[in-house]
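my_file27.cif (mmCIF, C-alpha atoms and all ligand atoms)
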```cif
data_entry
loop_
_atom_site.label_atom_id
_atom_site.label_comp_id
_atom_site.auth_asym_id
_atom_site.auth_seq_id
_atom_site.Cartn_x
_atom_site.Cartn_y
_atom_site.Cartn_z
CA MET T 1 101.50 106.87 137.64
CA THR T 2 100.12 107.79 134.14
CA LYS T 3 96.41 107.40 133.50
CA GLY T 4 95.57 105.11 130.56
CA TYR T 5 92.36 104.68 128.56
CA LEU T 6 91.57 101.43 126.78
CA GLY T 7 89.67 101.20 123.48
CA ILE T 8 88.65 97.89 121.88
CA ASP T 9 87.09 97.49 118.41
CA ILE T 10 85.70 93.97 118.03
CA GLY T 11 84.94 93.22 114.37
CA SER T 12 83.79 89.99 112.79
CA ILE T 13 87.23 89.39 111.27
CA SER T 14 89.66 91.26 113.53
CA THR T 15 89.81 92.61 117.08
CA LYS T 16 91.82 95.78 117.63
CA GLY T 17 92.85 97.45 120.87
CA VAL T 18 94.76 100.54 121.91
CA ILE T 19 95.74 102.24 125.16
CA ILE T 20 96.05 106.03 125.04
CA ASP T 21 97.69 108.17 127.70
CA GLU T 22 96.61 111.48 129.29
CA ASN T 23 97.89 113.32 126.18
CA ARG T 24 95.65 111.10 124.00
CA ALA T 25 98.69 109.49 122.36
CA ILE T 26 98.64 105.76 121.55
CA ILE T 27 101.06 103.96 123.90
CA ALA T 28 100.08 100.35 123.12
CA ARG T 29 98.24 98.61 120.29
CA SER T 30 97.25 95.10 119.24
CA TYR T 31 95.49 93.63 116.16
CA LEU T 32 94.36 89.97 116.22
CA TRP T 33 91.98 87.87 114.12
CA THR T 34 88.63 87.40 115.92
CA GLU T 35 88.30 83.81 114.63
CA GLY T 36 84.61 83.60 115.58
CA ASN T 37 85.35 84.13 119.29
CA PRO T 38 85.07 87.85 120.19
CA THR T 39 85.46 87.39 123.95
CA GLU T 40 88.60 85.27 123.65
CA ALA T 41 90.07 87.62 121.01
CA SER T 42 89.35 90.62 123.25
CA LYS T 43 90.97 88.94 126.28
CA ASN T 44 94.06 88.22 124.15
CA VAL T 45 94.17 91.82 122.89
CA VAL T 46 93.90 93.17 126.47
CA ARG T 47 96.64 90.77 127.65
CA GLU T 48 98.93 91.95 124.82
CA LEU T 49 98.23 95.63 125.59
CA GLU T 50 98.96 95.06 129.29
CA ARG T 51 102.21 93.34 128.35
CA GLN T 52 103.25 96.35 126.23
CA VAL T 53 102.75 98.82 129.12
CA GLU T 54 104.07 96.52 131.87
CA GLY T 55 106.45 98.37 134.16
CA ALA T 56 105.59 101.76 132.60
CA GLY T 57 103.40 102.86 135.52
CA VAL T 58 100.12 103.02 133.55
CA ASP T 59 96.84 102.87 135.46
CA ILE T 60 93.86 102.01 133.18
CA VAL T 61 91.06 104.23 134.44
CA GLY T 62 88.51 103.94 131.61
CA ALA T 63 87.52 101.63 128.76
CA GLY T 64 85.39 102.00 125.65
CA THR T 65 84.24 99.44 123.09
CA THR T 66 83.01 99.55 119.49
CA GLY T 67 82.50 97.06 116.66
CA SER T 68 79.94 94.33 116.11
CA ALA T 69 80.56 92.64 119.51
CA ARG T 70 80.83 95.96 121.41
CA ARG T 71 77.97 95.24 123.84
CA LEU T 72 79.12 91.71 124.73
CA VAL T 73 82.75 92.73 125.26
CA GLY T 74 81.71 96.07 126.83
CA ALA T 75 79.81 94.15 129.52
CA MET T 76 82.73 91.74 130.00
CA LEU T 77 85.24 94.59 130.48
CA GLY T 78 82.92 96.88 132.45
CA ALA T 79 83.38 99.55 129.75
CA SER T 80 82.30 103.08 130.59
CA VAL T 81 81.30 103.80 126.95
CA ILE T 82 79.97 101.65 124.11
CA LYS T 83 79.80 103.34 120.67
CA ASN T 84 78.78 102.23 117.18
CA GLU T 85 81.54 101.87 114.57
CA ILE T 86 80.53 104.93 112.56
CA THR T 87 80.81 107.28 115.54
CA ALA T 88 84.02 105.66 116.81
CA HIS T 89 85.72 105.75 113.37
CA ALA T 90 84.71 109.39 112.84
CA VAL T 91 86.21 110.44 116.21
CA GLY T 92 89.35 108.26 115.95
CA THR T 93 90.07 109.31 112.37
CA THR T 94 89.51 113.03 113.06
CA HIS T 95 91.96 112.82 115.97
CA LEU T 96 94.71 111.68 113.57
CA HIS T 97 93.51 113.64 110.48
CA PRO T 98 91.79 116.85 111.72
CA ASP T 99 90.80 117.92 108.16
CA VAL T 100 89.07 114.69 107.16
CA ARG T 101 85.72 115.08 105.36
CA THR T 102 85.28 111.57 103.90
CA ILE T 103 86.20 108.28 105.56
CA LEU T 104 86.35 105.13 103.43
CA GLU T 105 86.21 102.14 105.75
CA ILE T 106 86.57 98.73 104.16
CA GLY T 107 86.40 96.06 106.81
CA GLY T 108 86.19 92.28 106.80
CA GLN T 109 82.50 91.97 106.05
CA ASP T 110 81.21 95.39 105.09
CA SER T 111 82.25 98.70 103.62
CA LYS T 112 81.19 102.16 104.72
CA ILE T 113 81.59 105.71 103.51
CA ILE T 114 81.29 108.23 106.34
CA CYS T 115 80.87 111.97 105.69
CA VAL T 116 82.46 114.01 108.48
CA SER T 117 82.05 117.63 109.44
CA ASP T 118 83.97 119.11 112.40
CA GLY T 119 84.76 115.63 113.70
CA ILE T 120 81.15 114.46 113.65
CA ALA T 121 79.65 111.86 111.30
CA VAL T 122 76.86 113.66 109.41
CA ASP T 123 75.97 111.04 106.77
CA TYR T 124 77.03 107.57 105.70
CA ALA T 125 76.44 104.80 103.20
CA MET T 126 77.03 101.17 104.02
CA ASN T 127 77.19 97.90 102.10
CA THR T 128 76.54 94.86 104.27
CA LEU T 129 74.62 92.77 101.75
CA CYS T 130 77.34 91.69 99.37
CA ALA T 131 80.85 90.49 100.27
CA ALA T 132 82.20 91.59 96.85
CA GLY T 133 83.47 94.96 98.19
CA THR T 134 84.99 93.68 101.42
CA GLY T 135 88.18 92.40 103.00
CA SER T 136 86.92 88.82 103.35
CA PHE T 137 86.51 88.63 99.55
CA LEU T 138 90.12 89.80 99.17
CA SER T 139 91.26 87.30 101.83
CA SER T 140 89.41 84.37 100.23
CA GLN T 141 90.75 85.19 96.74
CA ALA T 142 94.30 85.59 98.13
CA HIS T 143 93.92 82.14 99.70
CA ARG T 144 92.60 80.68 96.40
CA LEU T 145 95.63 82.10 94.55
CA GLY T 146 98.10 80.91 97.20
CA VAL T 147 99.15 84.42 98.29
CA GLU T 148 99.20 86.02 101.78
CA VAL T 149 96.59 88.79 102.03
CA GLU T 150 99.32 91.10 103.40
CA GLU T 151 101.14 90.81 100.02
CA PHE T 152 98.03 90.82 97.80
CA GLY T 153 97.92 94.59 97.14
CA ASP T 154 101.63 94.90 96.33
CA ILE T 155 101.33 92.07 93.79
CA ALA T 156 98.35 93.86 92.17
CA LEU T 157 100.53 96.95 91.76
CA THR T 158 103.05 94.98 89.66
CA SER T 159 100.40 94.51 86.92
CA THR T 160 99.51 97.12 84.30
CA LYS T 161 96.75 95.03 82.66
CA PRO T 162 93.96 94.12 85.09
CA ALA T 163 91.98 91.00 84.14
CA ASN T 164 88.30 91.71 83.67
CA ILE T 165 86.47 90.73 86.89
CA ALA T 166 83.22 92.58 86.31
CA ALA T 167 80.59 90.67 88.29
CA ARG T 168 78.88 92.61 91.08
CA CYS T 169 78.32 89.50 93.20
CA THR T 170 80.96 87.39 95.00
CA VAL T 171 79.80 84.07 93.58
CA PHE T 172 80.02 85.31 89.98
CA ALA T 173 83.24 87.26 90.65
CA GLU T 174 84.75 84.03 92.04
CA SER T 175 83.77 82.09 88.94
CA GLU T 176 85.37 84.83 86.80
CA VAL T 177 88.62 84.37 88.77
CA ILE T 178 88.46 80.61 88.18
CA SER T 179 87.83 81.08 84.47
CA GLN T 180 90.75 83.57 84.20
CA LEU T 181 92.96 80.95 85.89
CA SER T 182 91.85 78.31 83.39
CA MET T 183 92.72 80.73 80.53
CA GLU T 184 96.21 80.95 82.08
CA THR T 185 95.94 84.71 82.56
CA ASN T 186 98.97 86.10 84.40
CA LYS T 187 98.38 85.75 88.19
CA CYS T 188 99.30 89.36 88.93
CA ASP T 189 96.79 90.57 86.28
CA ILE T 190 94.04 88.45 87.92
CA ILE T 191 95.00 89.91 91.31
CA ASN T 192 94.94 93.42 89.82
CA GLY T 193 91.48 92.67 88.35
CA ILE T 194 90.23 91.54 91.79
CA HIS T 195 91.46 94.83 93.30
CA HIS T 196 89.76 96.87 90.57
CA SER T 197 86.55 94.94 91.13
CA VAL T 198 86.52 95.60 94.93
CA ALA T 199 87.46 99.26 94.38
CA SER T 200 84.62 99.77 91.89
CA ARG T 201 82.04 98.38 94.39
CA VAL T 202 83.29 100.83 97.02
CA ALA T 203 83.58 103.75 94.57
CA GLY T 204 79.93 103.19 93.55
CA LEU T 205 78.90 103.42 97.21
CA ALA T 206 81.06 106.56 97.71
CA HIS T 207 79.43 108.34 94.76
CA ARG T 208 76.03 107.85 96.45
CA VAL T 209 76.98 110.11 99.37
CA GLY T 210 79.59 112.29 97.61
CA VAL T 211 83.35 112.47 98.16
CA ARG T 212 85.00 115.55 99.66
CA ASP T 213 88.69 116.16 100.47
CA GLN T 214 90.41 115.21 102.71
CA VAL T 215 89.67 111.53 102.08
CA VAL T 216 91.05 109.06 104.62
CA MET T 217 90.81 105.30 104.39
CA THR T 218 90.50 103.21 107.58
CA GLY T 219 89.87 99.56 108.47
CA GLY T 220 92.11 96.57 107.82
CA VAL T 221 91.90 96.89 104.03
CA ALA T 222 93.52 100.36 104.25
CA GLN T 223 96.78 98.39 104.73
CA ASN T 224 96.33 97.05 101.19
CA HIS T 225 98.14 99.56 98.94
CA GLY T 226 96.64 98.01 95.79
CA ILE T 227 93.11 98.87 96.92
CA VAL T 228 94.12 102.39 97.99
CA LYS T 229 95.68 103.03 94.55
CA ALA T 230 92.71 101.52 92.65
CA LEU T 231 90.29 103.65 94.71
CA GLU T 232 92.34 106.81 94.10
CA ASN T 233 92.11 106.16 90.35
CA GLN T 234 88.39 105.47 90.42
CA LEU T 235 87.42 108.35 92.73
CA GLY T 236 89.87 110.92 91.33
CA HIS T 237 90.82 111.94 94.91
CA GLU T 238 94.03 111.44 96.84
CA ILE T 239 93.53 109.08 99.80
CA SER T 240 95.43 109.42 103.08
CA THR T 241 96.26 106.37 105.17
CA SER T 242 98.77 105.56 107.87
CA PRO T 243 100.20 102.34 109.31
CA LEU T 244 97.76 102.83 112.22
CA THR T 245 94.50 103.21 110.27
CA GLN T 246 93.20 99.80 111.34
CA TYR T 247 93.17 101.11 114.94
CA ASN T 248 90.98 104.18 114.25
CA GLY T 249 87.79 102.60 115.66
CA ALA T 250 89.61 101.42 118.80
CA LEU T 251 91.21 104.86 119.12
CA GLY T 252 87.75 106.48 118.87
CA ALA T 253 86.46 104.18 121.65
CA ALA T 254 89.47 105.06 123.85
CA LEU T 255 88.91 108.80 123.22
CA PHE T 256 85.28 108.46 124.33
CA ALA T 257 86.47 106.69 127.51
CA TYR T 258 88.94 109.56 128.06
CA GLN T 259 86.20 112.22 127.64
CA LYS T 260 83.86 110.32 129.96
CA ALA T 261 86.55 110.12 132.65
CA LEU T 262 87.23 113.89 132.31
CA LYS T 263 83.53 114.66 132.81
CA LYS T 264 83.51 112.58 136.02
CA GLN T 265 86.36 114.58 137.54
CA PRO T 266 85.23 117.06 140.21
P1 LIG G 301 86.69 93.97 110.82
O1 LIG G 301 85.69 94.24 109.74
O2 LIG G 301 86.49 92.69 111.55
O3 LIG G 301 86.86 95.16 111.74
P2 LIG G 301 89.18 94.71 109.49
O4 LIG G 301 88.72 96.12 109.32
O5 LIG G 301 90.45 94.50 110.26
O6 LIG G 301 88.09 93.74 110.09
O7 LIG G 301 89.34 94.08 108.01
C1 LIG G 301 89.83 92.76 107.83
C2 LIG G 301 90.41 92.67 106.42
O8 LIG G 301 91.51 93.59 106.30
C3 LIG G 301 90.99 91.30 106.08
O9 LIG G 301 89.98 90.46 105.53
C4 LIG G 301 92.07 91.66 105.05
O10 LIG G 301 91.52 91.67 103.72
C5 LIG G 301 92.45 93.09 105.39
N1 LIG G 301 93.78 93.23 106.02
C6 LIG G 301 94.07 93.23 107.35
N2 LIG G 301 95.39 93.43 107.57
C7 LIG G 301 95.94 93.59 106.35
C8 LIG G 301 97.29 93.82 105.89
N3 LIG G 301 98.32 93.94 106.74
N4 LIG G 301 97.49 93.93 104.55
C9 LIG G 301 96.46 93.82 103.68
N5 LIG G 301 95.17 93.57 104.03
C10 LIG G 301 94.92 93.47 105.36
#
```

I'd like the structure from this file rewritten - as C-alpha cells, please.
Ligand code: ADP
Amino acid sequence: MTKGYLGIDIGSISTKGVIIDENRAIIARSYLWTEGNPTEASKNVVRELERQVEGAGVDIVGAGTTGSARRLVGAMLGASVIKNEITAHAVGTTHLHPDVRTILEIGGQDSKIICVSDGIAVDYAMNTLCAAGTGSFLSSQAHRLGVEVEEFGDIALTSTKPANIAARCTVFAESEVISQLSMETNKCDIINGIHHSVASRVAGLAHRVGVRDQVVMTGGVAQNHGIVKALENQLGHEISTSPLTQYNGALGAALFAYQKALKKQP
C-alpha cells in the first residue's frame, strides 16, 4: 500500500485537487468549476481523484485545504492542515520551481504577486477590488465575443495590432470592447487589446512589490498563453509556466498534509 496525501484548493471560480505519493509526486489531479457550490465541487473533485487512483493501492492518510472555502471544506473533509492561498501557492510552486523568486497568480476573482525567498512567501501585493485584472473578466469577455476562454489567449496571439482597451475599471473596459465591436475592429485585435489591458493591471501591481527572476505564473489564467506573453512584454522578464500550474495551491496544501503526517510519525 502507498501512502497518499490529498490537497484541495477551493477558489470562487474553480476547485482543484491533487493526490501526491510518498515521493511527493502528483499521482492524480482534477480541476472543476466551483459554480457557487464549494462543497459539491470539492466532493466531485475528491470522487474524481479516487477514481484515478482506484486499484493502485493508495491509502489517503492526510488532507490539506486552501482557497477561499478552505475552512468549510477543511471541516467537511477532516483536513489535518488548512492554509491560506499565499502560503500554499508559495510552497506548491517552489516544489516544482525551486529557484522561483516571484509568483504571479491570476485567479478567477483576484490577482496576486508573491515574493518568495527560500520557499517562503516574504511579501505580496493583491488586487481584490477590481475584476479588470482577473480571469473572470477574461471569461466574461470571451463569452461576449463568442469564444471559449481556453482558446482566448491563442486568438490574441494571432493579432499584431491590439485594440486600445485602456480603462482601469471593468465597466468602462467592457464599454470600450462594445465600442470597438461597433467600429468593426478585427475580433482578434479586440481580444489582443483585452489581454494587454489585463496584463497591464497585473504588471502595475507587480511593479509595486518588485519583480525578481525566476518568475513563475500560477492560477487558472497561467493556462492562457496570450496573457503570459503580454505580461512577459510588459514586465521585461521571462515567465515560466507548466501545464500543471493551476494545481500549485492544491499541491502546496497536499505538501503541508505530507509534512504534518511526517511529524506525527514516532
Ligand atoms: P480561482 O480563482 O477560483 O482559484 P482559477 O485560478 O482556476 O480560479 O482561475 C479561473 C480563471 O482561469 C478562469 O476565469 C479563466 O479565465 C482561466 N482559465 C482556466 N482554465 C483555463 C484554460 N485552460 N485556458 C485559459 N484560461 C483558463

For Pro98 in chain T, which residue among T:Gln214, T:Gln259, T:Asn233, T:Ser242 is the nearest when counting all atoms listed in the file?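 For Pro98 in chain T, the nearest of the given residues is T:Gln214.
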
Residues up to 6 Å from ligand LIG 301 (chain G), counting all atoms listed in the file: could you list those as a PyMOL selection string? chain T and resi 11-14+107-109+135-136+138-139+149-150+219-221+223-224

Mind checking which residues fall within 9 Å of Gly193 in chain T, counting only C-alpha atoms, ignoring those fewer than 6 positions away in the same chain, and posting them as a ChimeraX atom specification? /T:156,161-166,177

Go ahead and write the selection's residues with C-alpha atoms as a CSV table (one decimal), in the frame of the given file.
```
chain,number,residue,atom,x,y,z
T,156,ALA,CA,98.4,93.9,92.2
T,161,LYS,CA,96.8,95.0,82.7
T,162,PRO,CA,94.0,94.1,85.1
T,163,ALA,CA,92.0,91.0,84.1
T,164,ASN,CA,88.3,91.7,83.7
T,165,ILE,CA,86.5,90.7,86.9
T,166,ALA,CA,83.2,92.6,86.3
T,177,VAL,CA,88.6,84.4,88.8
```

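Take CA of Thr93 in chain T and CA of Asn248 in chain T: the distance between them is 5.5 Å.
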
Given the choices T:Gly133, T:Gly78, T:Gly67, T:Pro243, which gets closest to Ala173 in chain T if the distance is worked out from all atoms listed in the file? T:Gly133

Contacts of range 28-113 of chain T with range 195-198 of chain T up to 12 Å, shortest pair per row, all atoms listed in the file, as a Markdown table:
```
| residue | atom | partner | partner_atom | distance |
| --- | --- | --- | --- | --- |
| T:Ile106 | CA | T:Val198 | CA | 9.7 |
| T:Gly107 | CA | T:Val198 | CA | 11.9 |
| T:Asp110 | CA | T:Val198 | CA | 11.5 |
| T:Ser111 | CA | T:Val198 | CA | 10.2 |
```

Residue among T:Ile8, T:Ala253, T:Val228, T:Ala206 lying closest to Lys43 in chain T, counting all atoms listed in the file: T:Ile8

Between CA of Ile113 in chain T and CA of Ile86 in chain T, what is the distance in Å, rounded to a tenth? 9.1 Å

note - CA of His225 in chain T and CA of Glu151 in chain T are separated by 9.3 Å

Go through T:Val100, T:Val61, T:Met1, T:Val45 and flag the residue nearest Asp213 in chain T, using all atoms listed in the file for the distances. T:Val100

So which residues touch Gly57 in chain T within 12 Å, counting all atoms listed in the file, skipping near sequence neighbours fewer than 5 positions away, as a ChimeraX atom specification? /T:1-4,21,27,50-52

How would the residues just picked look written out with C-alpha atoms as a PDB file, in the coordinates of the input?
```pdb
ATOM      1  CA  MET T   1     101.500 106.870 137.640  1.00  0.00           C
ATOM      2  CA  THR T   2     100.120 107.790 134.140  1.00  0.00           C
ATOM      3  CA  LYS T   3      96.410 107.400 133.500  1.00  0.00           C
ATOM      4  CA  GLY T   4      95.570 105.110 130.560  1.00  0.00           C
ATOM      5  CA  ASP T  21      97.690 108.170 127.700  1.00  0.00           C
ATOM      6  CA  ILE T  27     101.060 103.960 123.900  1.00  0.00           C
ATOM      7  CA  GLU T  50      98.960  95.060 129.290  1.00  0.00           C
ATOM      8  CA  ARG T  51     102.210  93.340 128.350  1.00  0.00           C
ATOM      9  CA  GLN T  52     103.250  96.350 126.230  1.00  0.00           C
TER      10      GLN T  52
END
```

Nearest candidate to Glu105 in chain T (options T:Thr34, T:Leu205, T:Gln141, T:Leu235; using all atoms listed in the file):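 Going through T:Thr34, T:Leu205, T:Gln141, T:Leu235 one by one, the smallest distance to Glu105 in chain T is for T:Leu205.
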
Tell me, as a PyMOL selection string, which residues lie within 6 Å of range 216-218 of chain T, counting only C-alpha atoms; anything in the same chain fewer than 4 positions away does not count. chain T and resi 103-105+222+239-241+245-246

So that I can see what lies close to Gln180 in chain T, please list as number ranges by chain the residues with an atom at most 10 Å from it, counting all atoms listed in the file and leaving out residues fewer than 5 positions away in the same chain. T: 163-165, 174-175, 185-187, 189-190

With distances taken over only C-alpha atoms, which of T:Leu244, T:Ile114, T:Cys188, T:Ile155 is nearest to Val211 in chain T?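 Nearest candidate to Val211 in chain T out of T:Leu244, T:Ile114, T:Cys188, T:Ile155: T:Ile114.
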